[in-house]
$ cat target-v3.pdb   # PDB, C-alpha atoms and all ligand atoms
ATOM      1  CA  MET A   3      88.493 210.935-124.000
ATOM      2  CA  LYS A   4      86.981 208.913-126.839
ATOM      3  CA  ASP A   5      88.365 205.329-127.215
ATOM      4  CA  VAL A   6      88.693 204.186-130.823
ATOM      5  CA  PHE A   7      90.051 200.798-131.933
ATOM      6  CA  ILE A   8      91.380 200.516-135.480
ATOM      7  CA  ILE A   9      91.549 196.787-136.178
ATOM      8  CA  ASN A  10      93.223 195.221-139.199
ATOM      9  CA  PRO A  11      91.245 191.964-139.551
ATOM     10  CA  LYS A  12      94.189 190.463-141.454
ATOM     11  CA  GLY A  13      96.082 190.283-138.096
ATOM     12  CA  GLN A  14      96.813 187.043-136.238
ATOM     13  CA  LYS A  15      93.388 185.448-135.698
ATOM     14  CA  LYS A  16      93.951 184.032-132.198
ATOM     15  CA  GLU A  17      95.333 187.323-130.840
ATOM     16  CA  GLN A  18      92.528 189.231-132.546
ATOM     17  CA  LEU A  19      89.834 187.114-130.887
ATOM     18  CA  GLU A  20      91.518 187.454-127.482
ATOM     19  CA  LEU A  21      91.702 191.198-127.971
ATOM     20  CA  ILE A  22      88.016 191.540-128.838
ATOM     21  CA  HIS A  23      87.173 189.483-125.760
ATOM     22  CA  GLN A  24      89.352 191.803-123.608
ATOM     23  CA  ILE A  25      87.772 194.920-125.144
ATOM     24  CA  GLN A  26      84.319 193.629-124.152
ATOM     25  CA  GLU A  27      85.528 192.929-120.598
ATOM     26  CA  VAL A  28      87.678 196.007-119.890
ATOM     27  CA  PHE A  29      85.388 198.560-121.571
ATOM     28  CA  GLN A  30      82.090 197.009-120.419
ATOM     29  CA  GLY A  31      79.399 199.687-120.247
ATOM     30  CA  ARG A  32      81.634 202.361-121.784
ATOM     31  CA  ARG A  33      81.207 203.895-125.207
ATOM     32  CA  ILE A  34      83.901 202.740-127.581
ATOM     33  CA  ILE A  35      84.232 202.798-131.347
ATOM     34  CA  ILE A  36      85.577 199.854-133.355
ATOM     35  CA  GLU A  37      86.751 200.577-136.884
ATOM     36  CA  LYS A  38      87.803 197.586-139.023
ATOM     37  CA  THR A  39      90.059 198.261-141.987
ATOM     38  CA  ASN A  40      88.946 196.959-145.367
ATOM     39  CA  GLY A  41      92.191 197.125-147.366
ATOM     40  CA  PRO A  42      95.262 199.225-148.244
ATOM     41  CA  GLY A  43      95.035 202.889-147.174
ATOM     42  CA  HIS A  44      91.911 202.463-145.026
ATOM     43  CA  ALA A  45      93.706 202.670-141.643
ATOM     44  CA  ARG A  46      95.250 205.982-142.725
ATOM     45  CA  PHE A  47      91.853 207.300-143.821
ATOM     46  CA  ILE A  48      90.263 206.359-140.480
ATOM     47  CA  ALA A  49      93.088 207.978-138.467
ATOM     48  CA  GLN A  50      92.828 211.149-140.573
ATOM     49  CA  LYS A  51      89.082 211.332-139.891
ATOM     50  CA  TYR A  52      89.768 211.556-136.128
ATOM     51  CA  ALA A  53      92.751 213.873-136.598
ATOM     52  CA  LEU A  54      90.500 216.358-138.388
ATOM     53  CA  LYS A  55      87.888 216.331-135.569
ATOM     54  CA  THR A  56      89.774 218.488-133.113
ATOM     55  CA  GLU A  57      86.975 219.128-130.594
ATOM     56  CA  GLU A  58      87.602 216.036-128.408
ATOM     57  CA  PRO A  59      90.751 214.106-127.433
ATOM     58  CA  VAL A  60      90.890 210.609-128.920
ATOM     59  CA  HIS A  61      92.721 207.513-127.668
ATOM     60  CA  LEU A  62      93.446 205.526-130.839
ATOM     61  CA  TYR A  63      94.347 201.873-130.342
ATOM     62  CA  VAL A  64      96.065 200.463-133.432
ATOM     63  CA  CYS A  65      95.416 196.718-133.634
ATOM     64  CA  GLY A  66      97.599 195.303-136.399
ATOM     65  CA  GLY A  67     101.200 195.021-137.487
ATOM     66  CA  ASP A  68     103.807 197.610-138.423
ATOM     67  CA  GLY A  69     102.073 198.223-141.777
ATOM     68  CA  THR A  70      98.835 199.302-140.090
ATOM     69  CA  LEU A  71     100.815 201.445-137.648
ATOM     70  CA  HIS A  72     102.636 203.119-140.543
ATOM     71  CA  GLU A  73      99.306 203.993-142.179
ATOM     72  CA  VAL A  74      97.760 205.306-138.952
ATOM     73  CA  VAL A  75     100.751 207.509-138.174
ATOM     74  CA  ASN A  76     100.493 209.032-141.642
ATOM     75  CA  GLY A  77      96.858 209.884-140.925
ATOM     76  CA  MET A  78      97.334 211.518-137.512
ATOM     77  CA  ALA A  79     100.929 212.808-137.126
ATOM     78  CA  GLN A  80     101.156 216.209-135.422
ATOM     79  CA  ALA A  81      97.493 216.072-134.274
ATOM     80  CA  PRO A  82      97.772 217.319-130.658
ATOM     81  CA  HIS A  83      94.494 215.726-129.474
ATOM     82  CA  ILE A  84      95.279 212.144-130.615
ATOM     83  CA  TYR A  85      96.914 209.653-128.250
ATOM     84  CA  LEU A  86      98.155 206.427-129.788
ATOM     85  CA  SER A  87      98.490 202.947-128.303
ATOM     86  CA  ILE A  88      99.774 199.887-130.113
ATOM     87  CA  LEU A  89      98.092 196.487-129.829
ATOM     88  CA  PRO A  90     100.522 194.320-131.829
ATOM     89  CA  ILE A  91      98.729 191.530-133.662
ATOM     90  CA  GLY A  92     100.905 191.512-136.793
ATOM     91  CA  THR A  93     103.634 189.037-137.684
ATOM     92  CA  GLY A  94     106.763 191.158-137.180
ATOM     93  CA  ASN A  95     105.812 194.024-134.855
ATOM     94  CA  ASP A  96     109.331 195.403-134.880
ATOM     95  CA  PHE A  97     108.436 198.855-133.569
ATOM     96  CA  ILE A  98     107.424 197.731-130.065
ATOM     97  CA  LYS A  99     110.790 195.962-129.625
ATOM     98  CA  SER A 100     112.368 199.402-128.986
ATOM     99  CA  PHE A 101     110.567 199.680-125.635
ATOM    100  CA  GLU A 102     112.899 198.008-123.203
ATOM    101  CA  GLY A 103     111.123 196.239-120.357
ATOM    102  CA  LEU A 104     107.842 195.942-122.281
ATOM    103  CA  THR A 105     106.928 192.731-124.076
ATOM    104  CA  LYS A 106     104.334 192.073-126.764
ATOM    105  CA  ARG A 107     102.185 190.547-124.035
ATOM    106  CA  ASP A 108     102.356 193.818-122.041
ATOM    107  CA  PHE A 109     101.230 195.788-125.096
ATOM    108  CA  LEU A 110      98.309 193.380-125.550
ATOM    109  CA  ASP A 111      97.108 193.735-121.945
ATOM    110  CA  LEU A 112      94.253 196.245-122.205
ATOM    111  CA  SER A 113      93.947 196.717-118.431
ATOM    112  CA  ALA A 114      97.479 198.221-118.449
ATOM    113  CA  TYR A 115      96.196 201.267-120.374
ATOM    114  CA  GLN A 116      93.867 202.470-117.571
ATOM    115  CA  ASP A 117      96.703 204.608-116.180
ATOM    116  CA  ALA A 118      98.906 204.518-119.271
ATOM    117  CA  ILE A 119     102.356 206.113-119.476
ATOM    118  CA  GLU A 120     102.548 209.081-121.831
ATOM    119  CA  MET A 121     105.538 209.488-124.132
ATOM    120  CA  ASP A 122     106.092 211.893-127.012
ATOM    121  CA  CYS A 123     107.730 210.088-129.900
ATOM    122  CA  ASP A 124     109.776 211.410-132.840
ATOM    123  CA  LEU A 125     108.953 210.524-136.439
ATOM    124  CA  LEU A 126     111.014 210.311-139.598
ATOM    125  CA  LYS A 127     109.719 212.050-142.708
ATOM    126  CA  VAL A 128     110.738 211.264-146.303
ATOM    127  CA  ASN A 129     109.568 213.707-148.977
ATOM    128  CA  GLY A 130     106.314 214.209-147.035
ATOM    129  CA  GLU A 131     105.650 210.603-145.925
ATOM    130  CA  TYR A 132     106.141 209.709-142.264
ATOM    131  CA  ALA A 133     107.874 206.621-140.944
ATOM    132  CA  LEU A 134     107.731 205.676-137.296
ATOM    133  CA  ASN A 135     110.489 203.122-137.087
ATOM    134  CA  SER A 136     113.026 203.185-139.927
ATOM    135  CA  VAL A 137     113.793 204.185-143.489
ATOM    136  CA  SER A 138     116.350 202.466-145.698
ATOM    137  CA  ILE A 139     117.783 202.381-149.207
ATOM    138  CA  GLY A 140     119.697 199.669-151.070
ATOM    139  CA  PHE A 141     120.072 195.942-150.540
ATOM    140  CA  ASP A 142     117.622 195.701-147.673
ATOM    141  CA  VAL A 143     114.790 197.214-149.749
ATOM    142  CA  HIS A 144     115.009 194.072-151.928
ATOM    143  CA  VAL A 145     114.912 192.096-148.682
ATOM    144  CA  ALA A 146     111.768 193.935-147.437
ATOM    145  CA  ASP A 147     110.120 193.517-150.848
ATOM    146  CA  ALA A 148     110.852 189.764-150.900
ATOM    147  CA  ALA A 149     109.765 189.385-147.236
ATOM    148  CA  ASN A 150     106.434 191.141-147.949
ATOM    149  CA  LYS A 151     105.801 188.618-150.738
ATOM    150  CA  THR A 152     106.561 185.533-148.611
ATOM    151  CA  LYS A 153     104.473 186.942-145.701
ATOM    152  CA  LYS A 154     101.436 186.765-147.974
ATOM    153  CA  ILE A 155     102.047 183.034-148.503
ATOM    154  CA  ILE A 156     103.185 182.111-144.956
ATOM    155  CA  PRO A 157     101.700 184.658-142.526
ATOM    156  CA  LYS A 158     103.708 183.592-139.415
ATOM    157  CA  GLY A 159     107.433 183.848-139.142
ATOM    158  CA  GLY A 160     109.037 187.182-138.034
ATOM    159  CA  ILE A 161     112.732 187.134-138.902
ATOM    160  CA  PHE A 162     112.303 184.010-141.084
ATOM    161  CA  HIS A 163     110.790 186.091-143.923
ATOM    162  CA  TYR A 164     113.691 188.534-143.845
ATOM    163  CA  THR A 165     116.354 185.819-143.730
ATOM    164  CA  LEU A 166     114.728 184.144-146.711
ATOM    165  CA  GLY A 167     114.368 187.569-148.371
ATOM    166  CA  MET A 168     118.062 188.219-147.751
ATOM    167  CA  LEU A 169     119.085 184.964-149.411
ATOM    168  CA  THR A 170     116.904 185.587-152.509
ATOM    169  CA  SER A 171     118.078 189.231-152.695
ATOM    170  CA  LEU A 172     121.723 188.143-152.915
ATOM    171  CA  CYS A 173     121.049 187.432-156.619
ATOM    172  CA  LYS A 174     120.228 191.144-157.242
ATOM    173  CA  PRO A 175     122.699 194.054-157.635
ATOM    174  CA  LEU A 176     123.977 194.791-154.125
ATOM    175  CA  GLY A 177     123.984 198.591-153.875
ATOM    176  CA  GLU A 178     124.492 201.973-155.570
ATOM    177  CA  THR A 179     126.647 205.065-155.534
ATOM    178  CA  TYR A 180     125.206 208.086-153.713
ATOM    179  CA  ALA A 181     126.409 211.461-152.499
ATOM    180  CA  LEU A 182     124.983 212.392-149.100
ATOM    181  CA  GLN A 183     124.577 215.460-146.963
ATOM    182  CA  ILE A 184     124.037 214.780-143.255
ATOM    183  CA  ASP A 185     123.258 218.095-141.520
ATOM    184  CA  GLN A 186     126.301 220.274-142.350
ATOM    185  CA  GLU A 187     128.541 217.348-143.390
ATOM    186  CA  ARG A 188     128.962 216.433-147.069
ATOM    187  CA  PHE A 189     129.789 212.850-148.106
ATOM    188  CA  GLU A 190     131.201 212.651-151.628
ATOM    189  CA  PRO A 191     129.773 209.951-153.965
ATOM    190  CA  GLU A 192     130.548 206.504-152.665
ATOM    191  CA  PHE A 193     129.206 203.007-153.267
ATOM    192  CA  TYR A 194     126.994 201.840-150.406
ATOM    193  CA  THR A 195     125.422 198.412-150.030
ATOM    194  CA  PHE A 196     122.655 199.989-147.995
ATOM    195  CA  LEU A 197     121.771 202.983-145.855
ATOM    196  CA  VAL A 198     119.508 202.939-142.794
ATOM    197  CA  PHE A 199     117.961 205.964-141.040
ATOM    198  CA  ALA A 200     116.455 204.873-137.758
ATOM    199  CA  ASN A 201     114.097 206.184-135.121
ATOM    200  CA  GLY A 202     113.533 202.760-133.545
ATOM    201  CA  ARG A 203     116.134 200.092-132.873
ATOM    202  CA  PHE A 204     114.778 197.012-134.639
ATOM    203  CA  TYR A 205     113.629 196.234-138.151
ATOM    204  CA  GLY A 206     113.407 193.355-140.606
ATOM    205  CA  GLY A 207     111.989 190.939-138.019
ATOM    206  CA  GLY A 208     114.667 191.664-135.395
ATOM    207  CA  TYR A 209     117.859 193.137-136.914
ATOM    208  CA  GLN A 210     119.472 196.132-135.182
ATOM    209  CA  PRO A 211     121.024 198.531-137.729
ATOM    210  CA  CYS A 212     121.282 201.325-135.126
ATOM    211  CA  PRO A 213     121.443 199.752-131.661
ATOM    212  CA  ALA A 214     121.678 203.121-129.863
ATOM    213  CA  ALA A 215     118.583 204.646-131.510
ATOM    214  CA  LEU A 216     116.100 206.328-129.155
ATOM    215  CA  LEU A 217     112.505 207.205-130.039
ATOM    216  CA  ASN A 218     112.427 210.566-128.297
ATOM    217  CA  ASP A 219     115.906 212.101-128.585
ATOM    218  CA  GLY A 220     115.069 214.409-131.526
ATOM    219  CA  GLU A 221     117.704 212.752-133.713
ATOM    220  CA  MET A 222     117.857 209.945-136.256
ATOM    221  CA  ASP A 223     120.544 207.288-136.023
ATOM    222  CA  ILE A 224     122.256 206.517-139.301
ATOM    223  CA  CYS A 225     124.011 203.367-140.485
ATOM    224  CA  LEU A 226     125.869 203.523-143.807
ATOM    225  CA  VAL A 227     127.043 200.100-144.946
ATOM    226  CA  LYS A 228     129.935 200.424-147.389
ATOM    227  CA  LYS A 229     130.696 198.046-150.236
ATOM    228  CA  VAL A 230     130.540 194.473-148.948
ATOM    229  CA  SER A 231     130.631 191.227-150.866
ATOM    230  CA  ARG A 232     127.852 188.637-150.956
ATOM    231  CA  THR A 233     129.771 186.315-148.655
ATOM    232  CA  GLN A 234     130.453 189.188-146.219
ATOM    233  CA  ILE A 235     126.698 189.944-146.079
ATOM    234  CA  VAL A 236     125.936 186.392-145.030
ATOM    235  CA  SER A 237     128.688 186.342-142.416
ATOM    236  CA  LEU A 238     127.702 189.807-141.103
ATOM    237  CA  ALA A 239     124.017 188.887-140.678
ATOM    238  CA  LYS A 240     124.439 187.550-137.110
ATOM    239  CA  LEU A 241     126.457 190.614-136.057
ATOM    240  CA  TYR A 242     123.786 192.816-137.634
ATOM    241  CA  GLU A 243     121.068 191.039-135.681
ATOM    242  CA  ARG A 244     122.921 191.822-132.441
ATOM    243  CA  GLY A 245     123.847 195.371-133.513
ATOM    244  CA  GLU A 246     127.558 194.507-133.312
ATOM    245  CA  HIS A 247     128.370 195.476-136.929
ATOM    246  CA  ILE A 248     128.957 199.060-135.707
ATOM    247  CA  HIS A 249     132.310 197.908-134.305
ATOM    248  CA  TYR A 250     133.611 197.423-137.873
ATOM    249  CA  PRO A 251     134.332 200.999-139.066
ATOM    250  CA  ASP A 252     135.998 199.782-142.272
ATOM    251  CA  LEU A 253     132.566 198.406-143.288
ATOM    252  CA  VAL A 254     130.065 200.598-141.452
ATOM    253  CA  ILE A 255     129.743 204.335-140.747
ATOM    254  CA  SER A 256     127.475 205.149-137.763
ATOM    255  CA  LYS A 257     126.217 208.696-137.243
ATOM    256  CA  LYS A 258     123.408 210.780-135.768
ATOM    257  CA  GLY A 259     121.646 213.599-137.606
ATOM    258  CA  LYS A 260     118.522 215.669-138.082
ATOM    259  CA  ILE A 261     118.290 216.045-141.851
ATOM    260  CA  VAL A 262     119.807 213.982-144.662
ATOM    261  CA  HIS A 263     119.750 214.549-148.417
ATOM    262  CA  VAL A 264     120.509 211.593-150.668
ATOM    263  CA  ASP A 265     121.557 212.558-154.182
ATOM    264  CA  THR A 266     120.233 209.868-156.520
ATOM    265  CA  GLU A 267     121.082 211.957-159.619
ATOM    266  CA  ASN A 268     117.374 212.420-160.229
ATOM    267  CA  LYS A 269     116.800 208.676-160.598
ATOM    268  CA  GLU A 270     113.916 206.983-158.759
ATOM    269  CA  VAL A 271     115.219 204.731-156.003
ATOM    270  CA  LYS A 272     113.242 202.231-153.993
ATOM    271  CA  MET A 273     113.077 202.902-150.260
ATOM    272  CA  ASN A 274     111.792 200.913-147.322
ATOM    273  CA  LEU A 275     109.610 202.944-144.916
ATOM    274  CA  ASP A 276     108.600 200.799-141.910
ATOM    275  CA  GLY A 277     108.548 197.745-144.212
ATOM    276  CA  GLU A 278     106.545 199.473-146.994
ATOM    277  CA  VAL A 279     108.380 199.862-150.304
ATOM    278  CA  ARG A 280     108.177 203.265-152.058
ATOM    279  CA  SER A 281     110.098 205.083-154.839
ATOM    280  CA  PHE A 282     111.616 208.547-154.457
ATOM    281  CA  LYS A 283     114.030 210.803-156.341
ATOM    282  CA  ASN A 284     116.718 212.627-154.325
ATOM    283  CA  PRO A 285     114.971 211.953-150.998
ATOM    284  CA  THR A 286     115.280 214.201-147.969
ATOM    285  CA  ILE A 287     114.943 212.345-144.674
ATOM    286  CA  GLU A 288     114.175 214.491-141.641
ATOM    287  CA  ILE A 289     113.452 213.884-138.005
ATOM    288  CA  GLU A 290     110.273 215.480-136.637
ATOM    289  CA  PRO A 291     110.801 215.633-132.880
ATOM    290  CA  HIS A 292     107.893 214.675-130.603
ATOM    291  CA  ALA A 293     105.422 214.448-133.497
ATOM    292  CA  ILE A 294     103.039 211.948-131.854
ATOM    293  CA  HIS A 295     101.814 211.211-128.332
ATOM    294  CA  LEU A 296     102.042 207.567-127.331
ATOM    295  CA  LEU A 297     100.216 205.950-124.428
ATOM    296  CA  LEU A 298     102.206 202.931-123.253
ATOM    297  CA  PRO A 299     100.993 200.087-121.048
ATOM    298  CA  ASN A 300     101.641 200.657-117.365
ATOM    299  CA  LYS A 301     102.890 197.238-116.379
ATOM    300  CA  LYS A 302     102.135 196.121-112.833
ATOM    301  CA  ASP A 303     104.631 193.510-111.609
TER     302      ASP A 303
HETATM  303  N1  LIG B   1      90.660 193.918-144.427
HETATM  304  C1  LIG B   1      91.894 193.722-144.905
HETATM  305  N2  LIG B   1      92.205 192.585-145.576
HETATM  306  C2  LIG B   1      93.426 192.343-146.069
HETATM  307  N3  LIG B   1      94.452 193.234-145.943
HETATM  308  C3  LIG B   1      94.214 194.376-145.276
HETATM  309  C4  LIG B   1      92.937 194.671-144.719
HETATM  310  N4  LIG B   1      93.027 195.882-144.093
HETATM  311  C5  LIG B   1      94.286 196.323-144.269
HETATM  312  N5  LIG B   1      94.997 195.437-144.987
HETATM  313  C6  LIG B   1      96.407 195.499-145.402
HETATM  314  O1  LIG B   1      97.222 195.112-144.309
HETATM  315  C7  LIG B   1      98.446 195.828-144.412
HETATM  316  C8  LIG B   1      99.104 195.945-143.067
HETATM  317  O2  LIG B   1      99.204 194.687-142.444
HETATM  318  P1  LIG B   1     100.034 194.577-141.087
HETATM  319  O3  LIG B   1      99.609 195.669-140.182
HETATM  320  O4  LIG B   1      99.989 193.186-140.570
HETATM  321  O5  LIG B   1     101.436 194.984-141.601
HETATM  322  P2  LIG B   1     102.770 194.190-141.856
HETATM  323  O6  LIG B   1     103.619 195.124-142.640
HETATM  324  O7  LIG B   1     102.507 192.828-142.361
HETATM  325  O8  LIG B   1     103.322 194.234-140.375
HETATM  326  P3  LIG B   1     104.087 193.140-139.523
HETATM  327  O9  LIG B   1     105.353 192.820-140.259
HETATM  328  O10 LIG B   1     104.327 193.800-138.204
HETATM  329  O11 LIG B   1     103.117 192.017-139.469
HETATM  330  C9  LIG B   1      98.050 197.202-144.940
HETATM  331  O12 LIG B   1      99.112 197.744-145.670
HETATM  332  C10 LIG B   1      96.846 196.897-145.785
HETATM  333  O13 LIG B   1      97.238 196.836-147.142
END
$ encode --input "target-v3.pdb" --output "structure tokens"
Amino acid sequence: MKDVFIINPKGQKKEQLELIHQIQEVFQGRRIIIEKTNGPGHARFIAQKYALKTEEPVHLYVCGGDGTLHEVVNGMAQAPHIYLSILPIGTGNDFIKSFEGLTKRDFLDLSAYQDAIEMDCDLLKVNGEYALNSVSIGFDVHVADAANKTKKIIPKGGIFHYTLGMLTSLCKPLGETYALQIDQERFEPEFYTFLVFANGRFYGGGYQPCPAALLNDGEMDICLVKKVSRTQIVSLAKLYERGEHIHYPDLVISKKGKIVHVDTENKEVKMNLDGEVRSFKNPTIEIEPHAIHLLLPNKKD
């Protein structure tokens, strides 16, 4: 199998240097390929290049944050000969938090991939674009947008960016009215503060909109947050971080599903796909079961 490292050089410098040192040690004498990204869209392009070469299996190591991972997945989803590992050197790295028992340090230990653990992982798909971790609409898209801006100024910080983003977003309109169809069930138009469709458990630097979400169950977990006031948002933030908001059915509807249509009355709405902000009209969100092969670190205690 060919080993290819896609490295986003914008990642945390110290972790990047340690990683390059480990690559030299662990892969000494073996043929590897290092591909550095040069800007937006490049990681996707590189992943697509290997997805189109079907003659040899490829172990792709994604070295970056959730943004790089999102791009790579969009380049190689459904390619049966690509195996993906995540080397988290971003600021948030929310996706890896869904793997219970594995820490960021475990993911960054290259020797733990010699006899890696294989896992097929579901993906979400929104009008043709894949998301690995989560998709959302409403208030938290403003939060992701604001967090992306502050990350450019202060690169470290995790949940800090999202908390700050939440506070600045409280000045914006809080939500919208949508009609929804979740599988066979129709939801008449209602005002929602935000809607989250999750494959993974964590987003926004560490919040848990869908604490029971599993990456390989063939279903998406759905959290519909009804109309809440600005003061309720602030007081609910801690519960939301712990995933305890689901115990408040007068405020939150929790569901599972395979396909969701959101009727935006043909208006463009902003959506958050793994932290990237996009605009869609009347989006359809689907789960694509077992759409990528992951190779996870095999931790030796
Ligand atoms: N050489 C480069 N220089 C600057 N930016 C780059 C370069 N290559 C890729 N990028 C940008 O980096 C972005 C992804 O960064 P990263 O993977 O850290 O994502 P992130 O969303 O900040 O994730 P996290 O929150 O986990 O840190 C891509 O969307 C791309 O625009």
$ closest_atom_pairs --input "target-v3.pdb" --of "chain A" --to "ligand LIG 1 (chain B)" --cutoff "6 Å" --atoms "all atoms listed in the file" --output "JSON lines"
{"residue": "A:Asn10", "atom": "CA", "partner": "B:LIG1", "partner_atom": "N4", "distance": 4.9}
{"residue": "A:Pro11", "atom": "CA", "partner": "B:LIG1", "partner_atom": "N1", "distance": 5.3}
{"residue": "A:Lys12", "atom": "CA", "partner": "B:LIG1", "partner_atom": "C2", "distance": 5.0}
{"residue": "A:Gly13", "atom": "CA", "partner": "B:LIG1", "partner_atom": "O4", "distance": 5.5}
{"residue": "A:Thr39", "atom": "CA", "partner": "B:LIG1", "partner_atom": "N4", "distance": 4.3}
{"residue": "A:Asn40", "atom": "CA", "partner": "B:LIG1", "partner_atom": "N1", "distance": 3.6}
{"residue": "A:Gly41", "atom": "CA", "partner": "B:LIG1", "partner_atom": "N4", "distance": 3.6}
{"residue": "A:Pro42", "atom": "CA", "partner": "B:LIG1", "partner_atom": "O13", "distance": 3.3}
{"residue": "A:Gly66", "atom": "CA", "partner": "B:LIG1", "partner_atom": "O3", "distance": 4.3}
{"residue": "A:Gly67", "atom": "CA", "partner": "B:LIG1", "partner_atom": "O3", "distance": 3.2}
{"residue": "A:Asp68", "atom": "CA", "partner": "B:LIG1", "partner_atom": "O10", "distance": 3.9}
{"residue": "A:Gly69", "atom": "CA", "partner": "B:LIG1", "partner_atom": "O5", "distance": 3.3}
{"residue": "A:Thr70", "atom": "CA", "partner": "B:LIG1", "partner_atom": "O3", "distance": 3.7}
{"residue": "A:Gly92", "atom": "CA", "partner": "B:LIG1", "partner_atom": "O11", "distance": 3.5}
{"residue": "A:Thr93", "atom": "CA", "partner": "B:LIG1", "partner_atom": "O11", "distance": 3.5}
{"residue": "A:Gly94", "atom": "CA", "partner": "B:LIG1", "partner_atom": "O10", "distance": 3.7}
{"residue": "A:Asn95", "atom": "CA", "partner": "B:LIG1", "partner_atom": "O10", "distance": 3.7}
{"residue": "A:Gly277", "atom": "CA", "partner": "B:LIG1", "partner_atom": "O6", "distance": 5.8}
$ atom_distance --input "target-v3.pdb" --atom1 "atom CA of A:Leu71" --atom2 "atom CA of A:Ile8"
9.7 Å
$ atom_distance --input "target-v3.pdb" --atom1 "atom CA of A:His249" --atom2 "atom CA of A:His163"
26.4 Å
$ resolve_selection --input "target-v3.pdb" --expression "the PyMOL selection byres (((chain A and resi 183-199) around 8) and not hetatm)" --output "PyMOL selection string"
chain A and resi 136-142+176-182+200-201+211+222-230+259-264+287
$ resolve_selection --input "target-v3.pdb" --expression "the PyMOL selection byres (((chain A and resi 148) around 9) and not hetatm)" --output "VMD selection string"
chain A and resid 143 to 147 149 to 153 163 to 164 166 to 168 170 to 171
$ resolve_selection --input "target-v3.pdb" --expression "the PyMOL selection byres (((chain A and resi 238) around 12) and not hetatm)" --output "list of chain:residue names"
A:Met168, A:Tyr209, A:Gln210, A:Pro211, A:Val227, A:Val230, A:Ser231, A:Arg232, A:Thr233, A:Gln234, A:Ile235, A:Val236, A:Ser237, A:Ala239, A:Lys240, A:Leu241, A:Tyr242, A:Glu243, A:Arg244, A:Gly245, A:Glu246, A:His247, A:Ile248, A:His249, A:Tyr250, A:Leu253, A:Val254
$ atom_distance --input "target-v3.pdb" --atom1 "atom CA of A:Asp122" --atom2 "atom CA of A:Gly77"
16.8 Å
$ closest_residue --input "target-v3.pdb" --among "A:Lys106, A:Arg280, A:Lys269, A:Lys127" --to "A:Gln80" --atoms "all atoms listed in the file"
A:Lys127
$ closest_residue --input "target-v3.pdb" --among "A:Lys301, A:Phe47, A:Ala133, A:Pro59" --to "A:Met273" --atoms "only C-alpha atoms"
A:Ala133
$ closest_residue --input "target-v3.pdb" --among "A:Lys99, A:His72, A:Lys51, A:Lys302" --to "A:Asn274" --atoms "all atoms listed in the file"
A:His72
$ closest_residue --input "target-v3.pdb" --among "A:Glu73, A:Pro251, A:Ile156, A:Gly202" --to "A:Glu278" --atoms "all atoms listed in the file"
A:Glu73
$ closest_atom_pairs --input "target-v3.pdb" --of "stretch 53-103 of chain A" --to "stretch 15-35 of chain A" --cutoff "9 Å" --atoms "all atoms listed in the file" --output "JSON lines"
{"residue": "A:Cys65", "atom": "CA", "partner": "A:Gln18", "partner_atom": "CA", "distance": 8.1}
{"residue": "A:Gly66", "atom": "CA", "partner": "A:Gln18", "partner_atom": "CA", "distance": 8.8}
{"residue": "A:Leu89", "atom": "CA", "partner": "A:Leu21", "partner_atom": "CA", "distance": 8.5}
{"residue": "A:Pro90", "atom": "CA", "partner": "A:Glu17", "partner_atom": "CA", "distance": 8.8}
{"residue": "A:Ile91", "atom": "CA", "partner": "A:Glu17", "partner_atom": "CA", "distance": 6.1}
$ closest_residue --input "target-v3.pdb" --among "A:Leu297, A:Leu134, A:Val271, A:Asp111" --to "A:Val60" --atoms "only C-alpha atoms"
A:Leu297
$ residues_around --input "target-v3.pdb" --residues "stretch 54-56 of chain A" --least-positions-apart "6" --cutoff "10 Å" --atoms "only C-alpha atoms" --output "PyMOL selection string"
chain A and resi 77-78+81-84
$ closest_residue --input "target-v3.pdb" --among "A:Ala53, A:Leu86, A:Ile9, A:Ala45" --to "A:Tyr115" --atoms "only C-alpha atoms"
A:Leu86
$ axis_aligned_box --input "target-v3.pdb" --around "stretch 201-207 of chain A" --padding-each-side "6 Å" --output "lines of an AutoDock Vina configuration file"
center_x = 114.1
center_y = 198.6
center_z = -136.7
size_x = 16.1
size_y = 27.2
size_z = 19.7
$ residues_around --input "target-v3.pdb" --residues "A:Leu125" --least-positions-apart "4" --cutoff "9 Å" --atoms "only C-alpha atoms" --output "ChimeraX atom specification"
/A:75,79,132-135,201,217-218,220,222,288-294
$ decode --input "target-v3.pdb" --residues "stretch 148-154 of chain A" --atoms "N, CA and C atoms" --output "JSON list (two decimals), in the first residue's frame"
[["chain", "number", "residue", "atom", "x", "y", "z"],
["A", 148, "ALA", "N", -18.20, 33.50, 12.67],
["A", 148, "ALA", "CA", -17.45, 34.40, 13.55],
["A", 148, "ALA", "C", -16.20, 33.70, 14.08],
["A", 149, "ALA", "N", -16.33, 32.40, 14.44],
["A", 149, "ALA", "CA", -15.18, 31.66, 14.98],
["A", 149, "ALA", "C", -14.09, 31.54, 13.91],
["A", 150, "ASN", "N", -14.48, 31.28, 12.65],
["A", 150, "ASN", "CA", -13.48, 31.17, 11.58],
["A", 150, "ASN", "C", -12.69, 32.46, 11.44],
["A", 151, "LYS", "N", -13.40, 33.61, 11.64],
["A", 151, "LYS", "CA", -12.71, 34.90, 11.52],
["A", 151, "LYS", "C", -11.72, 35.10, 12.67],
["A", 152, "THR", "N", -12.13, 34.78, 13.91],
["A", 152, "THR", "CA", -11.21, 35.01, 15.04],
["A", 152, "THR", "C", -10.04, 34.02, 15.00],
["A", 153, "LYS", "N", -10.27, 32.80, 14.46],
["A", 153, "LYS", "CA", -9.18, 31.81, 14.34],
["A", 153, "LYS", "C", -8.04, 32.35, 13.50],
["A", 154, "LYS", "N", -8.40, 33.17, 12.50],
["A", 154, "LYS", "CA", -7.35, 33.72, 11.63],
["A", 154, "LYS", "C", -6.47, 34.70, 12.40]]
